[in-house]
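A quick write-up on the structure given underneath.
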Amino acid sequence: MKTLARTVAVCAAASAALLLAASAACARDDVPDEIARRENPVTLAPDKVRYYAKQYRTKCARCHGARGDGGGDEASEQEVPPADFTDAAYMKTRTDGQLFYQILMGGGERCAMPAFGPRSDHGWSEEKIWYMVRFVRRFAEPPGE
Ligand code: HEC
């Protein structure tokens, strides 16, 4: 009986995940090819890290978590859970351009992430977003790199 209950639970979870995937309308699922392929034009020099750490703490950590592991205070309220930036295997599947696009555009219909691009309330320049992509990448890098 126990096994059956578990099987049912697993199946329910799997179909819920499928449903979510099928209807997820996050910007990150729909990145135009040209942007997905863009190279990051900036490098995050050590003197800039502190600034972006502060931006991250004040604008991103409530969802993505102070340590970038997707465990922010508001993470559980999100229909699609915020990514775990410390998951190196997952992060390798994402190009800088894809990360850039999500920060630029925000989540879209079903992802509650705010947009940060030039035309959003936050009004970040594209350059600032590219720097933030570099900063977010640091969570999956061994310390000292
Ligand atoms: C209100 C919650 C919330 C806030 C605030 C937020 N995000 Fe997100 N973010 C999400 C959700 C939900 C997703 C969609 C799931 C995912 O891809 O992680 C997401 C996705 C992303 C992605 C795409 C990851 C991928 O899988 O390709 C990046 C990059 C990102 N966020 C960066 C940021 C940065 C940088 C900030 C702050 C400047 C920020 N987010 C603020 C909720 C949030």
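If you're wondering about the labels, chains in the structure tokens are A, B, ... by order shown, residues count from 1 in each chain, ligands from 1 in order shown.
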
Counting only C-alpha atoms and all ligand atoms, what residues are within 7 Å of ligand 1, given as a ChimeraX atom specification?
-> /A:26,28,55-56,59-64,74-75,78-84,94,98-100,102-103,107,111-114,116,132-133,136

What does the distance between CA of Asp30 in chain A and CA of Met105 in chain A come to in Å, to one decimal place?
->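 Calculated distance between CA of Asp30 in chain A and CA of Met105 in chain A is 10.8 Å.
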
Output as a ChimeraX atom specification all residues of range 34-112 of chain A that backbone DSSP marks as alpha helix (DSSP H).
-> /A:34-36,46-59,61-64,88-92,96-105

Gap from CA of Gly68 in chain A to CA of Lys48 in chain A - Å, one decimal = 18.1 Å

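The space separating CA of Gly65 in chain A from CA of Tyr52 in chain A comes to 14.7 Å.
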
For range 138-142 of chain A, list every protein, DNA or RNA residue within 7 Å, evaluated using only C-alpha atoms, and leave out those in the same chain fewer than 6 positions away; present the list as a PyMOL selection string.
-> chain A and resi 68+85-88

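Minimum atom-to-atom distance to Arg37 in chain A, evaluated using only C-alpha atoms, belongs to A:Tyr101 out of A:Pro143, A:Gly106, A:Ser125, A:Tyr101.
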
Contacts of Thr43 in chain A within 9 Å, only C-alpha atoms, excl. fewer than 4 positions in-chain, as an MDAnalysis selection string = chainID A and resid 130:131 134
